[in-house]
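Peer 1: Okay, here's the structure, questions in a sec.
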Amino acid sequence: MKVLVCAPCSCSLCVCVCSGRTDAERRQAGGLRALAELERSAIHGESERSSTSKNQIKVDLVDENFTELRGEIAGPPDTPYEGGRYQLEIKIPETYPFNPPKVRFITKIWHPNISSVTGAICLDILKDQWAAAMTLRTVLLSLQALLAAAEPDDPQDAVVANQYKQNPEMFKQTARLWSHVYAGAPVSSPDYTRKIDKLCAMGFDKNAVIAALSSKSWDVETATELLLSN
């Protein structure tokens with residue numbers, strides 16, 4: 001791919017790509033813009049600290065074409081996600097920054113606006129509210145804010161949203177347990193842990209047990225029925 005430094009700027013990260021590019025070159029162009037953005041910010045390869053050391057965001061390169069990145073955010077303080085670290089898959093389209101990156105959670109999480117199965121995210125700036133002036137830093141900070149302030153009336157996961165609205169305390173305990181198991185947060189409810197251990201002792205997969213108990217309000221009998229039916 002032919003790359004020229006844009007005059008009059010002499011910055012090696014300010015690039016324009018020649019016309020007549022191949023598909024591979026167009027894909028890389030979006031990634032190059034993302035790389036330049038990372039190099040201008042504090043989120044490339046290290047943590048960014050806001051008011052406290054707990055507010056950390058991070059992005060690393062995954063492949064040589066710069067089209068796939070790995071993001072990481074820390075669970076916000078005073079939420080069920082506090083103490084956890086959440087990995088994100090970030091795919092950069094060739095039309096970036098005019099179109100948003102494709103982002104999903106790799107780390108499993110219990111949240112109304114994030115699929116507990118696939119990690120898909122319901123967030124307006126990743127859809128129709130994206131603007132070219134936004135950056136990867138905007139995305140990561142917005143996801144942190146989403147963890148602190150869910151939107152249950154516009155859910156990605158209806159089961160989680162229903163629990164969030166109907167039984168807030170159970171939601172908090174469930175989200176805290178998922179944070180402990182999958183994101184390394186401090187130990188959560190001993191009662192929930194005992195129920196998980198009980199079903200795991202019956203030979204069920206741990207991840208399936210957690211999902212079943214979480215979706216069945218931590219009722220062992222109905223969770224067992226669900227596991228047996230699958």
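Chain identifiers are assigned as A, B, and so on, following the order in which chains appear in the structure tokens; residues are numbered from 1 within each chain, and ligands are numbered from 1 in order of appearance.
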Could you pull out the residues in segment 29-184 of chain A that DSSP calls strand (DSSP E) from the backbone, as a list in words?
Peer 2: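 Of segment 29-184 of chain A, the ones in strand (DSSP E) are Glu48, Arg49, Gln56, Ile57, Lys58, Val59, Asp60, Leu61, Glu68, Leu69, Arg70, Gly71, Glu72, Ile73, Ala74, Arg85, Tyr86, Gln87, Leu88, Glu89, Ile90, Lys91, Lys102, Val103, Arg104 and Phe105 of chain A.
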Peer 1: Using C-alpha atoms, can you write the selected residues to a file as a PDB file, in the first residue's frame?
Peer 2:
ATOM      1  CA  GLU A  48      -5.426   5.675  31.352  1.00  0.00           C
ATOM      2  CA  ARG A  49      -6.137   7.040  34.810  1.00  0.00           C
ATOM      3  CA  GLN A  56      -8.853   2.538  33.605  1.00  0.00           C
ATOM      4  CA  ILE A  57      -9.234   1.938  29.900  1.00  0.00           C
ATOM      5  CA  LYS A  58      -6.818   0.265  27.542  1.00  0.00           C
ATOM      6  CA  VAL A  59      -6.504  -0.799  23.891  1.00  0.00           C
ATOM      7  CA  ASP A  60      -3.937  -3.098  22.263  1.00  0.00           C
ATOM      8  CA  LEU A  61      -3.370  -4.215  18.684  1.00  0.00           C
ATOM      9  CA  GLU A  68      -8.893  -5.769  15.083  1.00  0.00           C
ATOM     10  CA  LEU A  69      -8.094  -4.382  18.517  1.00  0.00           C
ATOM     11  CA  ARG A  70      -8.476  -5.685  22.037  1.00  0.00           C
ATOM     12  CA  GLY A  71      -9.962  -3.231  24.508  1.00  0.00           C
ATOM     13  CA  GLU A  72     -10.152  -3.411  28.270  1.00  0.00           C
ATOM     14  CA  ILE A  73     -12.154  -1.417  30.778  1.00  0.00           C
ATOM     15  CA  ALA A  74     -12.283  -1.549  34.558  1.00  0.00           C
ATOM     16  CA  ARG A  85     -11.659  -6.082  34.234  1.00  0.00           C
ATOM     17  CA  TYR A  86     -13.616  -6.534  31.021  1.00  0.00           C
ATOM     18  CA  GLN A  87     -12.103  -7.521  27.682  1.00  0.00           C
ATOM     19  CA  LEU A  88     -13.618  -6.130  24.467  1.00  0.00           C
ATOM     20  CA  GLU A  89     -13.335  -7.176  20.847  1.00  0.00           C
ATOM     21  CA  ILE A  90     -13.027  -4.092  18.626  1.00  0.00           C
ATOM     22  CA  LYS A  91     -13.193  -4.397  14.835  1.00  0.00           C
ATOM     23  CA  LYS A 102     -17.899  -3.005  15.907  1.00  0.00           C
ATOM     24  CA  VAL A 103     -17.525  -3.771  19.593  1.00  0.00           C
ATOM     25  CA  ARG A 104     -18.615  -6.661  21.787  1.00  0.00           C
ATOM     26  CA  PHE A 105     -17.737  -7.911  25.257  1.00  0.00           C
TER      27      PHE A 105
END
Peer 1: Can you pull out the residues contacting segment 121-137 of chain A? Cut-off 8 Å, using only C-alpha atoms, and skip same-chain residues under 3 positions away; I want them as a PyMOL selection string.
Peer 2: chain A and resi 34+37-38+43+57+96-105+113-115+140-141+154-156
Peer 1: Provide the atom CA of Ser188 of chain A to atom CA of Phe171 of chain A distance in Å, to one decimal place.
Peer 2: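 Atom-to-atom, atom CA of Ser188 of chain A to atom CA of Phe171 of chain A, that is 12.4 Å.
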Peer 1: Compile the contact shell of Leu177 of chain A as a PyMOL selection string: residues with an atom at most 9 Å away, counting only C-alpha atoms, same-chain residues fewer than 5 positions apart removed.
Peer 2: chain A and resi 80+110+172+182+185-189+192-193
Peer 1: Would you save the residues of that selection, restricted to N, CA and C atoms, as a compact mmCIF listing (two decimals), in the first residue's frame?
Peer 2:
# COMPACT_ATOMS: atom_id res chain seq x y z
N PRO A 80 -21.90 -3.14 40.74
CA PRO A 80 -21.62 -4.57 40.89
C PRO A 80 -20.40 -5.04 40.11
N TRP A 110 -23.24 -9.64 33.25
CA TRP A 110 -24.69 -9.63 33.49
C TRP A 110 -25.15 -8.18 33.53
N LYS A 172 -28.24 -7.02 41.39
CA LYS A 172 -26.92 -6.60 41.87
C LYS A 172 -26.07 -7.79 42.31
N TYR A 182 -16.08 -14.16 36.15
CA TYR A 182 -15.55 -13.94 34.80
C TYR A 182 -14.57 -12.76 34.68
N ALA A 185 -13.40 -9.93 39.88
CA ALA A 185 -13.81 -9.04 40.98
C ALA A 185 -13.80 -9.82 42.30
N PRO A 186 -13.88 -9.13 43.43
CA PRO A 186 -13.88 -9.81 44.74
C PRO A 186 -15.04 -10.80 44.88
N VAL A 187 -14.89 -11.71 45.83
CA VAL A 187 -15.89 -12.76 46.07
C VAL A 187 -17.27 -12.16 46.32
N SER A 188 -18.29 -12.83 45.78
CA SER A 188 -19.66 -12.34 45.90
C SER A 188 -20.45 -13.21 46.86
N SER A 189 -21.75 -13.35 46.62
CA SER A 189 -22.68 -14.02 47.52
C SER A 189 -22.31 -15.49 47.78
N TYR A 192 -25.18 -17.91 46.63
CA TYR A 192 -25.20 -18.19 45.20
C TYR A 192 -24.09 -19.16 44.83
N THR A 193 -22.94 -18.98 45.44
CA THR A 193 -21.80 -19.87 45.16
C THR A 193 -22.12 -21.31 45.55
Peer 1: Once you count only C-alpha atoms, what closest atom pair and distance in Å to one decimal does each residue of segment 99-167 of chain A within 12 Å of segment 207-218 of chain A have, with rows by chain and rising residue number, as a tab-separated table?
Peer 2:
residue	atom	partner	partner_atom	distance
A:Lys108	CA	A:Asn207	CA	9.8
A:Ile109	CA	A:Ala211	CA	10.6
A:Trp110	CA	A:Ser214	CA	8.8
A:His111	CA	A:Ser214	CA	11.5
A:Ser115	CA	A:Ala211	CA	11.7
A:Ser116	CA	A:Ala211	CA	8.1
A:Val117	CA	A:Ala211	CA	8.7
A:Asp157	CA	A:Ser215	CA	10.7
A:Ala158	CA	A:Ser215	CA	10.2
A:Val159	CA	A:Ser215	CA	6.5
A:Val160	CA	A:Ser215	CA	7.5
A:Ala161	CA	A:Ser215	CA	10.7
A:Asn162	CA	A:Ser215	CA	9.8
A:Gln163	CA	A:Ser217	CA	8.0
A:Tyr164	CA	A:Ser217	CA	11.3
A:Gln166	CA	A:Ser217	CA	10.8
A:Asn167	CA	A:Ser217	CA	9.1
